[in-house]
Amino acid sequence: MSQASPREVSLQDLQGSPKRIRRERAFRGLFFGAAFFSIVISAAIVFSLFGEALTFLRNVDLSALIDVEGGWFPRRGRFDVITIITGTVLVSLIAMVVAAPLGLGAALYLSEYARPRVRRALKPILEVLASIPSVVLGYFALAWLSPNIMQALCSQPTSFSLGAAGIAVGILITPLVASVAEDSFRSVPMALREASYGMGARKRSTVTSIVFPAAVSGVVASLILGFSRAIGETMVVAIAAGATGGSLFTVDTCGPGQTMTAAMTSLAIGSDQVRGQEGTFESLFFVGLVLFFMTLALNLLSERFVRRVRLRY
Amino acid sequence: MTQPEIHVDVSRHEGFASRELVFEIKDLSVFYGPFKAVRDITLDIGKSAITALIGPSGCGKTTFIRCLNRMNDLIETARVEGEIKYHGVNLYDKKVDAVEVRRRIGMVFQKPNPFPKSIYDNVAFGPKISGFKGNMDELVEQSLQKAALWDEVKDRLKESAMGLSGGQQQRLCIARCVAVQPDVILMDEPCSALDPIATGRIEDLMQDLKEEYSIVIVTHNMQQAARVSDMTAFFTAEVNEQQDRRTGVLVEYDKTENIFQTPTDERTENYVTGRFG
């Protein structure tokens with residue numbers, strides 16, 4: 001081959017078109033703006049919550065916030081948050097009792113047992129369940145769970161109950177738990193299953209001793225996410241849990257009760273058209289702030305678990 | 001389609017004259033869906049020996065070795081024709097439980113795949129699930145010693161196996177396999193993800209292991225086959241141009257030194273001398 005003469009290259013040749021570089025920057029800015037917008041919105045929400053919540057705290061006797069005897073009757077100036085936090089936690093725990101076995105079971109079935117064909121048919125059905133509006137589930141709790149399930153479980157059943165609401169919320173979050181858990185089961189490398197089968201492990205031992213432990217962080221994350229969603233669920237509890245105006249402190253899941261979200265709705269819609277005492281309306285924001293911190297903490301926690309899964313393999 | 005012209009007369013090998021057979025494979029063909037992955041494999045595998053399977057990529061070595069402990073059962077579309085006798089019992093008999101087969105015929109995979117558990121638990125897993133009642137600590141130590149890993153890990157048995165180097169992980173996988181006290185160990189390119197030093201250690205280890213276990217190894221590395229094995233089977237791929245599919249066939253099976261020094265088939269000669277593959 002003949003020797004090629006060295007080519008002349010100037011700095012200008014390598015600079016590229018300024019127009020293209022500008023366009024590149026513009027796009028970057030555009031997408032950054034979109035990402036930044038969500039941060040601004042979140043900050044604005046927190047800010048407005050804080051403002052109103054502070055007004056509330058300033059106007060209210062702080063000892064009224066914990067007054068288990070008084071219960072939650074914001075229009076009468078009784079703001080016992082323990083009452084509504086207990087209601088929320090009870091509903092969420094019942095929801096988890098329903099959603100954890102159903103969701104994890106479905107996830108294990110879909111990822112480990114179902115043939116691809118079955119899986120392709122079942123996944124969309126699960127997603128349909130996830131897309132049922134919660135208001136529908138609320139009435140389902142009222143019209144079906146209450147007379148059928150709660151009737152059988154309770155000695156003195158009432159048509160509105162924390163129990164019925166909890167079961168309905170559990171149905172609501174089952175697809176979420178199943179989907180997050182299934183992702184984490186499926187992210188367990190095939191090589192681990194093969195290693196297990198290669199040693200003469202049966203399917204059951206492989207699933208319980210290898211796949212499940214390997215995916216345990218994701219499983220925990222799915223449960224925390226489900227719990228956090230249950231805490232925030234509003235419509236089902238507003239319809240089925242009862243106690244629109246307020247509630248006394250109760251741990252009786254067979255009877256009606258008040259959750260944080262339901263308390264906020266009834267304040268917001270103001271069903272009795274009464275402005276109530278000073279601070280009544282602002283208490284909505286205070287409850288919202290507490291709720292916000294509860295779900296934020298749970299989401300951060302689940303995020304940590306999800307990240308642990310990723311680091312693993 | 002042409003009939004295979006391959007006929008291996010086992011009695012020819014003096015190595016087998018006194019040697020008990022572990023596998024007798026006759027007319028084995030494996031399909032993935034409609035496609036034939038390997039066809040008409042007939043060969044015998046002897047006890048307490050290292051049998052190497054060599055050949056170019058896509059020639060069905062891995063498919064073949066995974067039939068020997070019914071790992072191919074895990075692939076839904078896989079189907080096996082022909083016969084594999086293991087100590088005289090047909091492995092694909094309807095009454096045979098693949099789980100029992102795999103307890104006797106262990107497997108070491110291409111990429112080290114330790115469980116994300118402690119070193120100790122990795123080794124103890126197999127015995128635990130098969131109902132081992134004896135002294136677990138002792139068994140774990142023995143197994144790690146057989147895999148030449150004990151000295152390196154004895155002070156950190158409770159630490160995660162994921163912290164070991166690739167070579168150590170692969171030896172852990174061998175220890176884990178040995179712990180269930182198998183009869184045969186299948187190794188599917190066990191050194192392909194390892195550096196030469198780690199590879200050397202595993203090859204040395206195989207020499208120790210073959211006293212107790214029959215080993216079948218798939219390898220891409222011809223030097224490795226020449227170094228470690230007693231018998232070598234050379235596979236190649238028949239290419240079906242129309243369907244762009246490859247079907248693996250067994251070309252030649254003989255004592256390793258014969259395969260490498262005096263191969264009878266031209267294709268084997270081309271491959272082992274590096275003119276092909």
# chains A, B, ... in the order shown; residues from 1 in each chain; ligands from 1
$ interface_residues --of "chain A" --to "chain B" --cutoff "10 Å" --atoms "only C-alpha atoms" --output "list in words"
Arg115, Pro116, Pro189, Met190, Ala191, Leu192, Arg193, Glu194, Ala195, Ser196, Tyr197, Gly198, Met199, Gly200, Ala201, Arg202, Lys203, Ser205, Thr206, Ser209, Ile210, Val211, Pro213, Ala214, Arg312 and Tyr313 of chain A
$ select_by_dssp --residues "stretch 88-208 of chain A" --states "alpha helix (DSSP H)" --output "JSON, numbers by chain"
{"A": [88, 89, 90, 91, 92, 93, 94, 95, 96, 97, 98, 99, 100, 101, 102, 103, 104, 105, 106, 107, 108, 116, 117, 118, 119, 120, 121, 122, 123, 124, 125, 126, 127, 128, 129, 130, 134, 135, 136, 137, 138, 139, 140, 151, 152, 153, 162, 163, 164, 165, 166, 167, 168, 169, 170, 171, 172, 173, 174, 175, 176, 177, 178, 179, 180, 181, 182, 183, 184, 185, 186, 190, 191, 192, 193, 194, 195, 196, 197, 198, 203, 204, 205]}
$ closest_residue --among "B:Gln168, B:Glu252, B:Val184, B:Gly82" --to "B:Ala198" --atoms "only C-alpha atoms"
B:Gln168
$ residues_around --residues "A:Ile82" --least-positions-apart "3" --cutoff "12 Å" --atoms "only C-alpha atoms" --output "list in words"
Ala64, Leu65, Ile66, Asp67, Val68, Glu69, Gly70, Gly71, Trp72, Arg78, Phe79, Ile85, Thr86, Gly87, Thr88, Val89, Leu90, Ser247, Leu248, Phe249, Thr250, Val251, Gln258, Thr259, Met260, Val287 and Val290 of chain A
$ write_last_selection --atoms "N, CA, C and O atoms" --output "compact mmCIF listing (two decimals), in the first residue's frame"
# COMPACT_ATOMS: atom_id res chain seq x y z
N ALA A 64 -55.09 19.17 73.23
CA ALA A 64 -56.28 18.58 72.59
C ALA A 64 -55.89 17.57 71.52
O ALA A 64 -56.71 16.78 71.09
N LEU A 65 -54.62 17.62 71.08
CA LEU A 65 -54.19 16.72 70.01
C LEU A 65 -54.12 15.28 70.50
O LEU A 65 -54.26 14.34 69.72
N ILE A 66 -53.83 15.14 71.79
CA ILE A 66 -53.85 13.78 72.33
C ILE A 66 -54.83 13.75 73.48
O ILE A 66 -54.55 14.22 74.58
N ASP A 67 -56.01 13.26 73.18
CA ASP A 67 -57.10 13.29 74.14
C ASP A 67 -58.02 12.13 73.78
O ASP A 67 -59.05 12.28 73.13
N VAL A 68 -57.57 10.94 74.17
CA VAL A 68 -58.24 9.72 73.74
C VAL A 68 -59.70 9.68 74.20
O VAL A 68 -60.56 9.15 73.52
N GLU A 69 -59.97 10.30 75.35
CA GLU A 69 -61.35 10.35 75.85
C GLU A 69 -62.25 11.12 74.89
O GLU A 69 -63.37 10.70 74.61
N GLY A 70 -61.70 12.20 74.37
CA GLY A 70 -62.52 13.11 73.56
C GLY A 70 -62.80 12.60 72.16
O GLY A 70 -63.84 12.87 71.59
N GLY A 71 -61.86 11.87 71.61
CA GLY A 71 -62.03 11.37 70.25
C GLY A 71 -61.82 12.45 69.20
O GLY A 71 -61.33 13.56 69.51
N TRP A 72 -62.19 12.13 67.97
CA TRP A 72 -61.98 13.05 66.85
C TRP A 72 -63.30 13.66 66.44
O TRP A 72 -64.10 13.03 65.75
N ARG A 78 -62.51 18.90 69.14
CA ARG A 78 -61.83 17.74 69.74
C ARG A 78 -60.99 17.06 68.65
O ARG A 78 -61.50 16.44 67.73
N PHE A 79 -59.69 17.20 68.82
CA PHE A 79 -58.76 16.80 67.76
C PHE A 79 -57.84 15.67 68.19
O PHE A 79 -56.63 15.77 68.07
N ILE A 85 -55.33 8.06 63.80
CA ILE A 85 -54.13 7.28 63.44
C ILE A 85 -54.42 5.80 63.72
O ILE A 85 -54.09 4.92 62.92
N THR A 86 -55.06 5.52 64.86
CA THR A 86 -55.41 4.13 65.17
C THR A 86 -56.33 3.56 64.09
O THR A 86 -56.15 2.42 63.64
N GLY A 87 -57.32 4.36 63.68
CA GLY A 87 -58.22 3.89 62.63
C GLY A 87 -57.46 3.55 61.36
O GLY A 87 -57.64 2.48 60.77
N THR A 88 -56.57 4.45 60.97
CA THR A 88 -55.76 4.22 59.76
C THR A 88 -54.91 2.98 59.89
O THR A 88 -54.85 2.14 58.98
N VAL A 89 -54.23 2.85 61.03
CA VAL A 89 -53.34 1.70 61.21
C VAL A 89 -54.14 0.40 61.21
O VAL A 89 -53.74 -0.60 60.61
N LEU A 90 -55.31 0.41 61.86
CA LEU A 90 -56.14 -0.80 61.89
C LEU A 90 -56.57 -1.21 60.48
O LEU A 90 -56.42 -2.36 60.08
N SER A 247 -65.36 10.51 65.32
CA SER A 247 -65.45 9.19 65.91
C SER A 247 -64.81 9.21 67.28
O SER A 247 -63.88 9.96 67.54
N LEU A 248 -65.32 8.36 68.12
CA LEU A 248 -64.64 8.13 69.38
C LEU A 248 -63.51 7.15 69.14
O LEU A 248 -63.54 6.42 68.15
N PHE A 249 -62.57 7.15 70.07
CA PHE A 249 -61.47 6.20 69.94
C PHE A 249 -62.03 4.78 69.96
O PHE A 249 -62.83 4.42 70.81
N THR A 250 -61.62 3.97 68.98
CA THR A 250 -62.10 2.59 68.95
C THR A 250 -61.05 1.67 68.34
O THR A 250 -60.28 2.07 67.47
N VAL A 251 -61.02 0.44 68.86
CA VAL A 251 -60.17 -0.57 68.23
C VAL A 251 -61.05 -1.73 67.76
O VAL A 251 -60.55 -2.77 67.38
N GLN A 258 -62.91 6.03 62.29
CA GLN A 258 -62.45 7.12 61.43
C GLN A 258 -60.97 6.94 61.11
O GLN A 258 -60.18 6.64 62.00
N THR A 259 -60.62 7.09 59.86
CA THR A 259 -59.20 7.08 59.51
C THR A 259 -58.77 8.50 59.18
O THR A 259 -59.61 9.40 59.02
N MET A 260 -57.49 8.70 59.04
CA MET A 260 -56.97 10.04 58.75
C MET A 260 -57.54 10.57 57.44
O MET A 260 -57.99 11.70 57.34
N VAL A 287 -53.60 17.08 59.61
CA VAL A 287 -53.70 15.63 59.39
C VAL A 287 -52.97 15.25 58.10
O VAL A 287 -52.25 14.26 58.04
N VAL A 290 -49.25 15.07 58.69
CA VAL A 290 -48.87 13.84 59.40
C VAL A 290 -48.89 12.66 58.44
O VAL A 290 -47.96 11.84 58.38
